[in-house]
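The file entry37.txt contains compact mmCIF, C-alpha atoms and all ligand atoms:
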# COMPACT_ATOMS: atom_id res chain seq x y z
CA MET A 8 -168.96 30.75 12.58
CA THR A 9 -168.71 28.75 15.78
CA TYR A 10 -165.72 26.96 17.17
CA PRO A 11 -165.86 23.75 19.19
CA ALA A 12 -165.54 24.24 22.94
CA ALA A 13 -161.96 23.90 24.15
CA ALA A 14 -162.98 20.83 26.19
CA ASN A 15 -163.84 19.02 22.95
CA ILE A 16 -160.38 19.42 21.47
CA PRO A 17 -158.32 16.43 22.59
CA GLU A 18 -155.18 17.44 24.44
CA PRO A 19 -152.06 16.11 22.68
CA PRO A 20 -150.45 13.27 24.68
CA TYR A 21 -147.82 14.40 27.17
CA ILE A 22 -145.62 11.46 26.20
CA LEU A 23 -145.70 10.30 22.60
CA CYS A 24 -143.52 7.45 21.30
CA GLU A 25 -144.00 6.17 17.78
CA ASP A 26 -142.09 3.33 16.15
CA LEU A 27 -139.31 3.82 18.68
CA PHE A 28 -136.11 1.79 18.34
CA LYS A 29 -133.14 1.42 20.65
CA ILE A 30 -130.23 -0.66 19.48
CA TYR A 31 -127.27 -1.23 21.80
CA LYS A 32 -124.00 -2.08 20.12
CA ILE A 33 -121.34 -3.95 22.06
CA ALA A 34 -118.30 -4.82 19.94
CA ASN A 35 -119.91 -6.48 16.89
CA LEU A 36 -123.07 -7.52 18.66
CA GLU A 37 -126.32 -5.57 18.30
CA VAL A 38 -129.07 -5.86 20.90
CA VAL A 39 -132.45 -4.49 19.82
CA ALA A 40 -133.95 -3.40 23.16
CA LEU A 41 -136.91 -1.47 21.67
CA ARG A 42 -138.31 -2.52 18.30
CA GLY A 43 -141.00 -0.16 17.04
CA LEU A 44 -142.57 0.76 20.36
CA ASP A 45 -145.70 2.96 20.40
CA LEU A 46 -146.87 4.68 23.60
CA LYS A 47 -149.08 7.63 24.49
CA VAL A 48 -149.44 8.98 28.01
CA ARG A 49 -151.88 11.75 28.92
CA ARG A 50 -150.85 14.71 31.04
CA ARG A 51 -151.70 13.97 34.71
CA GLU A 52 -152.04 10.24 34.06
CA LEU A 53 -150.89 7.67 36.65
CA MET A 54 -149.82 4.60 34.69
CA ALA A 55 -147.62 1.55 34.97
CA ILE A 56 -145.48 -0.49 32.60
CA VAL A 57 -145.04 -4.22 33.13
CA GLY A 58 -143.20 -6.93 31.19
CA ALA A 59 -140.78 -9.81 31.46
CA SER A 60 -137.13 -9.24 32.30
CA GLY A 61 -135.27 -7.94 29.24
CA SER A 62 -138.44 -6.72 27.48
CA GLY A 63 -137.15 -3.12 27.32
CA LYS A 64 -138.86 -1.39 30.27
CA SER A 65 -135.76 0.28 31.72
CA THR A 66 -134.54 1.19 28.24
CA LEU A 67 -137.80 3.05 27.61
CA LEU A 68 -137.72 4.78 31.00
CA ASN A 69 -134.10 5.88 30.54
CA ILE A 70 -135.00 7.39 27.18
CA LEU A 71 -137.97 9.26 28.67
CA ALA A 72 -135.70 10.46 31.48
CA GLY A 73 -133.21 11.92 29.00
CA LEU A 74 -130.51 9.52 30.25
CA ASP A 75 -130.21 7.65 26.95
CA GLN A 76 -130.96 8.47 23.32
CA PRO A 77 -133.20 6.41 21.02
CA SER A 78 -131.74 4.99 17.80
CA ALA A 79 -134.76 5.77 15.58
CA GLY A 80 -138.44 6.64 15.65
CA ARG A 81 -140.22 9.47 17.42
CA ALA A 82 -140.24 10.37 21.12
CA PHE A 83 -141.77 13.55 22.50
CA VAL A 84 -142.28 14.61 26.11
CA GLY A 85 -144.25 17.80 26.74
CA GLY A 86 -143.67 18.77 23.10
CA ARG A 87 -139.88 18.30 23.36
CA ASP A 88 -138.29 16.09 20.74
CA LEU A 89 -135.99 13.62 22.53
CA LEU A 90 -134.25 12.63 19.27
CA THR A 91 -133.09 16.09 18.29
CA MET A 92 -132.44 17.74 21.67
CA SER A 93 -128.95 19.22 22.09
CA ALA A 94 -126.74 18.15 24.99
CA ALA A 95 -127.42 21.46 26.77
CA GLU A 96 -131.18 21.10 26.30
CA MET A 97 -130.92 17.55 27.65
CA VAL A 98 -129.25 18.77 30.84
CA GLU A 99 -131.98 21.37 31.28
CA TYR A 100 -134.65 18.72 30.54
CA ARG A 101 -133.26 16.35 33.18
CA ARG A 102 -133.03 19.14 35.75
CA ARG A 103 -136.48 20.70 35.35
CA GLN A 104 -138.80 18.44 33.39
CA VAL A 105 -138.39 15.01 34.89
CA GLY A 106 -137.82 13.35 38.27
CA PHE A 107 -136.45 9.80 38.47
CA VAL A 108 -136.59 7.12 41.16
CA TRP A 109 -134.40 4.00 40.89
CA GLN A 110 -135.12 0.57 42.33
CA GLN A 111 -131.97 0.54 44.47
CA THR A 112 -132.67 2.77 47.46
CA GLY A 113 -128.92 3.34 47.78
CA ARG A 114 -128.72 4.83 44.28
CA ASN A 115 -131.28 7.56 44.99
CA LEU A 116 -129.83 9.12 48.14
CA ILE A 117 -126.50 10.46 49.35
CA PRO A 118 -125.71 8.24 52.37
CA TYR A 119 -123.99 10.84 54.57
CA LEU A 120 -126.72 13.49 54.15
CA ASP A 121 -129.95 13.43 56.16
CA ALA A 122 -133.41 13.39 54.53
CA LEU A 123 -133.72 17.17 54.51
CA GLN A 124 -130.24 17.73 53.01
CA ASN A 125 -130.88 15.08 50.34
CA VAL A 126 -133.97 16.97 49.16
CA GLU A 127 -132.15 20.32 49.38
CA VAL A 128 -129.29 19.22 47.08
CA PRO A 129 -131.14 19.43 43.71
CA LEU A 130 -132.68 22.75 44.77
CA ILE A 131 -129.35 24.31 45.71
CA LEU A 132 -127.77 22.98 42.48
CA ASP A 133 -130.58 24.75 40.66
CA GLY A 134 -129.65 28.08 42.30
CA VAL A 135 -132.39 28.25 44.95
CA SER A 136 -131.34 30.06 48.17
CA LYS A 137 -130.48 27.95 51.24
CA ARG A 138 -133.52 29.26 53.11
CA GLN A 139 -135.97 28.56 50.26
CA ALA A 140 -134.42 25.12 49.71
CA HIS A 141 -134.90 24.35 53.41
CA ASP A 142 -138.57 25.41 53.31
CA ARG A 143 -139.35 23.53 50.09
CA ALA A 144 -137.55 20.37 51.30
CA THR A 145 -139.44 20.47 54.62
CA GLU A 146 -142.75 20.89 52.78
CA LEU A 147 -141.98 17.99 50.40
CA LEU A 148 -140.93 15.64 53.21
CA HIS A 149 -144.22 16.41 54.96
CA ALA A 150 -146.04 15.72 51.68
CA VAL A 151 -144.45 12.24 51.49
CA GLY A 152 -145.37 11.56 55.13
CA LEU A 153 -141.88 11.96 56.59
CA GLY A 154 -142.26 15.17 58.59
CA GLU A 155 -140.89 13.24 61.58
CA ARG A 156 -137.78 12.00 59.80
CA LEU A 157 -136.20 15.24 58.55
CA ASN A 158 -132.85 14.66 60.23
CA HIS A 159 -132.54 10.91 59.77
CA LEU A 160 -129.73 9.55 57.62
CA PRO A 161 -130.76 7.04 54.91
CA ASN A 162 -129.45 4.09 56.98
CA GLN A 163 -131.59 5.24 59.91
CA MET A 164 -134.77 4.75 57.84
CA SER A 165 -136.66 1.72 56.48
CA GLY A 166 -136.39 0.90 52.77
CA GLY A 167 -139.90 2.27 52.22
CA GLU A 168 -139.07 5.51 54.01
CA GLN A 169 -135.90 5.87 51.93
CA GLN A 170 -137.93 5.47 48.74
CA ARG A 171 -140.36 8.15 49.95
CA VAL A 172 -137.39 10.50 50.52
CA SER A 173 -136.21 9.57 46.99
CA ILE A 174 -139.61 10.59 45.61
CA ALA A 175 -139.32 13.93 47.46
CA VAL A 176 -135.83 14.38 45.92
CA ALA A 177 -137.22 13.57 42.45
CA LEU A 178 -139.99 16.16 42.90
CA ALA A 179 -137.75 18.87 44.42
CA ASN A 180 -137.58 21.00 41.28
CA ASP A 181 -141.30 20.53 40.62
CA PRO A 182 -141.02 18.50 37.40
CA PRO A 183 -144.29 17.76 35.57
CA LEU A 184 -143.19 14.14 35.02
CA LEU A 185 -142.11 11.50 37.55
CA LEU A 186 -140.56 8.23 36.33
CA ALA A 187 -139.88 5.31 38.66
CA ASP A 188 -138.07 2.09 37.68
CA GLU A 189 -139.24 -0.70 40.01
CA PRO A 190 -139.37 1.67 42.99
CA THR A 191 -140.81 -1.04 45.24
CA GLY A 192 -138.55 -3.86 44.04
CA GLU A 193 -136.62 -3.96 47.32
CA LEU A 194 -139.59 -3.35 49.64
CA ASP A 195 -141.93 -5.68 51.54
CA SER A 196 -145.65 -5.56 50.70
CA ILE A 197 -146.53 -2.95 53.34
CA GLY A 198 -143.69 -0.66 52.29
CA ALA A 199 -144.68 -1.14 48.65
CA SER A 200 -148.33 -0.35 49.40
CA ARG A 201 -147.41 2.92 51.06
CA VAL A 202 -145.20 3.95 48.14
CA PHE A 203 -148.02 3.21 45.65
CA GLU A 204 -150.49 5.16 47.82
CA LEU A 205 -148.06 8.05 47.80
CA PHE A 206 -147.85 8.01 43.98
CA GLY A 207 -151.67 8.19 43.83
CA ASP A 208 -151.75 11.00 46.35
CA LEU A 209 -149.04 13.07 44.58
CA ASN A 210 -150.75 12.49 41.24
CA ARG A 211 -154.08 13.81 42.56
CA ARG A 212 -152.67 16.67 44.65
CA PHE A 213 -150.04 18.06 42.30
CA GLY A 214 -151.21 16.76 38.92
CA VAL A 215 -147.81 15.22 38.24
CA THR A 216 -147.79 12.66 35.41
CA ILE A 217 -146.38 9.38 36.78
CA VAL A 218 -144.99 6.36 34.91
CA ILE A 219 -143.98 3.38 37.08
CA VAL A 220 -142.17 0.26 35.88
CA THR A 221 -143.09 -2.57 38.21
CA HIS A 222 -143.44 -6.30 38.76
CA ASP A 223 -146.11 -5.81 41.43
CA PRO A 224 -148.94 -8.28 40.62
CA ASP A 225 -151.60 -5.95 42.11
CA ILE A 226 -150.55 -2.94 40.07
CA ALA A 227 -153.75 -2.82 37.96
CA ALA A 228 -155.74 -1.91 41.09
CA ARG A 229 -153.41 0.94 41.95
CA VAL A 230 -153.12 2.94 38.69
CA ASP A 231 -155.39 4.19 35.88
CA ARG A 232 -153.76 2.04 33.20
CA VAL A 233 -151.19 -0.73 32.84
CA VAL A 234 -149.33 -1.23 29.56
CA ALA A 235 -147.44 -4.47 28.99
CA ILE A 236 -144.24 -4.52 26.92
CA ARG A 237 -143.20 -7.68 25.12
CA ASP A 238 -139.96 -7.97 23.13
CA GLY A 239 -139.46 -4.21 22.90
CA ARG A 240 -143.01 -3.32 21.79
CA THR A 241 -146.18 -2.42 23.65
CA SER A 242 -148.49 -5.44 23.48
CA THR A 243 -151.52 -5.14 25.78
CA GLU A 244 -153.19 -2.55 27.93
CA ILE A 245 -155.43 -2.81 31.00
CA PHE A 246 -157.73 0.10 31.90
CA ARG A 247 -159.34 0.69 35.24
CA ARG A 248 -162.94 1.82 34.86
CA VAL A 249 -165.54 2.75 37.45
CA HIS A 250 -168.62 0.56 37.13
CA ASP A 251 -171.76 1.93 38.75
CA ASP A 252 -174.91 -0.22 38.55
CA GLY A 253 -176.98 2.16 40.68
CA ASN A 254 -176.38 0.25 43.90
CA THR A 255 -172.66 -0.32 44.11
CA THR A 256 -169.63 1.35 42.61
CA GLU A 257 -166.62 -0.80 41.84
CA PHE A 258 -163.53 -0.81 39.67
CA VAL A 259 -163.52 -3.14 36.69
CA HIS A 260 -160.59 -3.85 34.39
CA ASP A 261 -160.79 -3.92 30.60
CA GLU A 262 -157.92 -5.58 28.75
CA TYR A 263 -157.06 -4.72 25.14
CA VAL A 264 -154.47 -5.85 22.61
CA LEU A 265 -152.73 -2.83 21.07
CA VAL A 266 -152.82 -2.40 17.30
CA ASP A 267 -150.08 -0.26 15.75
CA ALA A 268 -150.33 2.15 12.81
CA ALA A 269 -149.45 -0.65 10.37
CA GLY A 270 -152.23 -2.89 11.76
CA ARG A 271 -149.87 -5.22 13.64
CA LEU A 272 -150.89 -6.78 16.94
CA GLN A 273 -149.37 -9.48 19.11
CA ILE A 274 -151.09 -12.77 19.80
CA PRO A 275 -149.98 -14.24 23.14
CA ARG A 276 -147.49 -17.07 22.66
CA SER A 277 -149.65 -19.43 24.75
CA TYR A 278 -152.59 -18.96 22.33
CA LEU A 279 -150.36 -19.68 19.33
CA GLU A 280 -149.07 -22.83 20.98
CA ARG A 281 -152.54 -24.06 21.89
CA LEU A 282 -153.78 -23.54 18.34
CA ASN A 283 -150.56 -24.86 16.83
CA ILE A 284 -150.05 -21.64 14.83
CA HIS A 285 -146.46 -21.16 13.67
CA ASP A 286 -145.53 -18.87 10.81
CA ARG A 287 -148.90 -18.31 9.15
CA ALA A 288 -152.58 -18.12 10.10
CA LYS A 289 -155.86 -17.54 8.34
CA LEU A 290 -157.90 -14.39 9.08
CA LEU A 291 -161.66 -14.65 8.74
CA MET A 292 -163.89 -11.61 8.83
CA GLY A 293 -166.99 -12.50 10.88
CA GLU A 294 -169.99 -10.55 12.11
CA GLY A 295 -168.32 -7.71 14.03
CA ARG A 296 -165.17 -9.76 14.64
CA VAL A 297 -162.02 -11.12 13.05
CA GLU A 298 -161.12 -14.76 13.67
CA VAL A 299 -157.56 -16.11 13.58
CA LEU A 300 -157.38 -19.76 12.52
CA PRO A 301 -154.48 -22.18 12.13
CA GLU A 302 -153.64 -23.46 8.69
CA THR A 303 -155.42 -26.76 8.06
CA ALA A 304 -153.32 -29.91 7.63
CA ALA A 305 -154.65 -30.32 4.08
CA ALA A 306 -153.74 -26.75 3.08
CA ARG A 307 -150.31 -27.20 4.57
CA HIS A 308 -149.73 -30.47 2.77
CA ASP A 309 -150.84 -28.89 -0.48
CA ARG A 310 -148.52 -25.91 -0.04
CA GLU A 311 -145.49 -28.01 0.90
CA SER A 312 -145.89 -30.52 -1.91
CA ARG A 313 -145.97 -27.84 -4.58
N1 LIG A 401 -126.41 -0.66 28.18
C1 LIG A 401 -126.76 -1.76 27.51
N2 LIG A 401 -125.94 -2.31 26.61
C2 LIG A 401 -126.30 -3.42 25.92
N3 LIG A 401 -127.47 -4.04 26.06
C3 LIG A 401 -128.35 -3.53 26.93
C4 LIG A 401 -128.05 -2.37 27.71
N4 LIG A 401 -129.12 -2.10 28.50
C5 LIG A 401 -130.03 -3.05 28.22
N5 LIG A 401 -129.58 -3.91 27.29
C6 LIG A 401 -130.32 -5.05 26.72
O1 LIG A 401 -131.55 -4.56 26.22
C7 LIG A 401 -132.62 -5.45 26.53
C8 LIG A 401 -133.68 -4.71 27.33
O2 LIG A 401 -133.13 -4.39 28.60
P1 LIG A 401 -133.91 -3.58 29.72
O3 LIG A 401 -132.94 -3.28 30.80
O4 LIG A 401 -134.62 -2.44 29.11
O5 LIG A 401 -134.99 -4.67 30.21
P2 LIG A 401 -136.05 -4.60 31.40
O6 LIG A 401 -137.38 -4.84 30.79
O7 LIG A 401 -135.86 -3.36 32.19
O8 LIG A 401 -135.66 -5.88 32.29
P3 LIG A 401 -135.68 -6.10 33.90
O9 LIG A 401 -137.13 -6.42 34.25
O10 LIG A 401 -134.80 -7.29 34.10
O11 LIG A 401 -135.18 -4.87 34.55
C9 LIG A 401 -132.00 -6.63 27.24
O12 LIG A 401 -131.78 -7.65 26.30
C10 LIG A 401 -130.69 -6.07 27.75
O13 LIG A 401 -129.74 -7.10 27.86
MG MG A 402 -135.23 -2.95 34.15
Take the structure I supplied and represent it as structure tokens, if you would.
Ligand SMILES: Nc1ncnc2c1ncn2[C@@H]1O[C@H](COP(=O)(O)OP(=O)(O)OP(=O)(O)O)[C@@H](O)[C@H]1O
Ligand SMILES: [Mg+2]
Amino acid sequence: MTYPAAANIPEPPYILCEDLFKIYKIANLEVVALRGLDLKVRRRELMAIVGASGSGKSTLLNILAGLDQPSAGRAFVGGRDLLTMSAAEMVEYRRRQVGFVWQQTGRNLIPYLDALQNVEVPLILDGVSKRQAHDRATELLHAVGLGERLNHLPNQMSGGEQQRVSIAVALANDPPLLLADEPTGELDSIGASRVFELFGDLNRRFGVTIVIVTHDPDIAARVDRVVAIRDGRTSTEIFRRVHDDGNTTEFVHDEYVLVDAAGRLQIPRSYLERLNIHDRAKLLMGEGRVEVLPETAAARHDRESR
């Protein structure tokens, strides 16, 4: 009997969210921030999440970071079940399994500690000796291109440099996953470019899985995959693919609409408006395609006069 080669067995996704819900309750008001979200992220993937304000991006990232608990559904990171983890396991998860970078540079760093000390803090809290913490922090600051800024305080560095220190802090305990919520939101385009280059570099060098929430319009050129969230669900996905026609090699982007386990997909609102589709549409199976058509005026009249 022969077994398939290990390379043929698909690796389970590092992040797996299925039908994920997050409902915030304030007094008697319920806000559904995630409504049946599905997401898979491969180990060592560099991907981004985009979406309008209020679509649920930060909610998702906070759940993946172990900072917030989902209301229902399934969420696994590295085989750990985020819905059933105990408080103690959650603390351990946050300390060892995930690094987090916030948009506000000021929220990531301790203002009265220099770059080196900021990176040493999580190491020392984790029980690493002062000497080892110093060596690891120095190495990380070199890795993020700040070997010349070891003793600068946060306010003696540019916003982009502060975010690079924040990334070093997030990676101090060598987590396999790095999450960043609009890490370039406060930076100019050059600062943002350097931060994105750094994410690519860290992803290739250390194999860290990276998920970035961003509004950067050029993000598709900088990561392997961009997933868009709309109204608390994943809606579309853009892949970067290398196209080689024998003469030139270039990146091309393929865009897909995501279809969930129940067969649901989202049609962009602008398409619905252009076709005047409201609460019902006709599906026609064609040759290798499915067409979505508006209800005809006659059919509508017939239905309403019944
Ligand atoms: N702690 C909270 N309590 C109540 N409602 C919340 C809370 N956090 C988020 N929400 C609501 O959940 C929804 C999703 O918010 P979220 O912060 O995830 O959006 P976002 O996509 O990150 O938006 P932005 O691009 O503006 O950062 C919003 O309607 C928001 O008002
Ligand atoms: Mg947000």
List all protein, DNA and RNA residues that have any atom at most 12 Å from ligand MG 402 (chain A), counting all atoms listed in the file, and write the list as a compact mmCIF listing (two decimals) with C-alpha atoms, in the frame of the given file.
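Written output follows (result_11.txt):
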# COMPACT_ATOMS: atom_id res chain seq x y z
CA ALA A 40 -133.95 -3.40 23.16
CA ILE A 56 -145.48 -0.49 32.60
CA VAL A 57 -145.04 -4.22 33.13
CA GLY A 58 -143.20 -6.93 31.19
CA ALA A 59 -140.78 -9.81 31.46
CA SER A 60 -137.13 -9.24 32.30
CA GLY A 61 -135.27 -7.94 29.24
CA SER A 62 -138.44 -6.72 27.48
CA GLY A 63 -137.15 -3.12 27.32
CA LYS A 64 -138.86 -1.39 30.27
CA SER A 65 -135.76 0.28 31.72
CA THR A 66 -134.54 1.19 28.24
CA LEU A 67 -137.80 3.05 27.61
CA LEU A 68 -137.72 4.78 31.00
CA ASN A 69 -134.10 5.88 30.54
CA TRP A 109 -134.40 4.00 40.89
CA GLN A 110 -135.12 0.57 42.33
CA GLN A 111 -131.97 0.54 44.47
CA ALA A 187 -139.88 5.31 38.66
CA ASP A 188 -138.07 2.09 37.68
CA GLU A 189 -139.24 -0.70 40.01
CA PRO A 190 -139.37 1.67 42.99
CA GLY A 192 -138.55 -3.86 44.04
CA ILE A 219 -143.98 3.38 37.08
CA VAL A 220 -142.17 0.26 35.88
CA THR A 221 -143.09 -2.57 38.21
CA HIS A 222 -143.44 -6.30 38.76
CA ILE A 236 -144.24 -4.52 26.92
Report task. To one decimal in Å, tell me the separation between atom P3 of ligand LIG 401 (chain A) and atom CA of Thr243 of chain A. Result ->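 Taking atom P3 of ligand LIG 401 (chain A) as the start and atom CA of Thr243 of chain A as the end point, the length is 17.8 Å.
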Requested in this report: Can you pull out every residue within 10 Å of segment 44-53 of chain A, counting all atoms listed in the file, but drop anything in the same chain fewer than 4 positions away, and send it as JSON, numbers by chain?
Outcome: {"A": [18, 19, 20, 21, 22, 23, 24, 25, 26, 27, 28, 29, 40, 63, 67, 80, 81, 82, 83, 84, 85, 183, 184, 185, 206, 207, 209, 210, 211, 213, 214, 215, 216, 217, 218, 219, 229, 230, 231, 232, 233, 234, 236, 237, 238, 239, 240, 241, 242, 265, 266, 267, 268]}
Query raised in the report: With only C-alpha atoms as the basis for distance, which of A:Leu123, A:Ala140, A:Tyr263, A:Arg171 is at the shortest distance from Ile245 of chain A?
Result: A:Tyr263
Could you write out as AutoDock Vina command-line options the box around ligand LIG 401 (chain A) (axis-aligned, all atoms listed in the file, 4 Å on each side), with centre and edge lengths in Å to one decimal?
--center_x -131.7 --center_y -4.2 --center_z 30.2 --size_x 19.4 --size_y 15.0 --size_z 16.6
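Interatomic distance, atom CA of Pro77 of chain A to atom CA of Leu186 of chain A: 17.1 Å.
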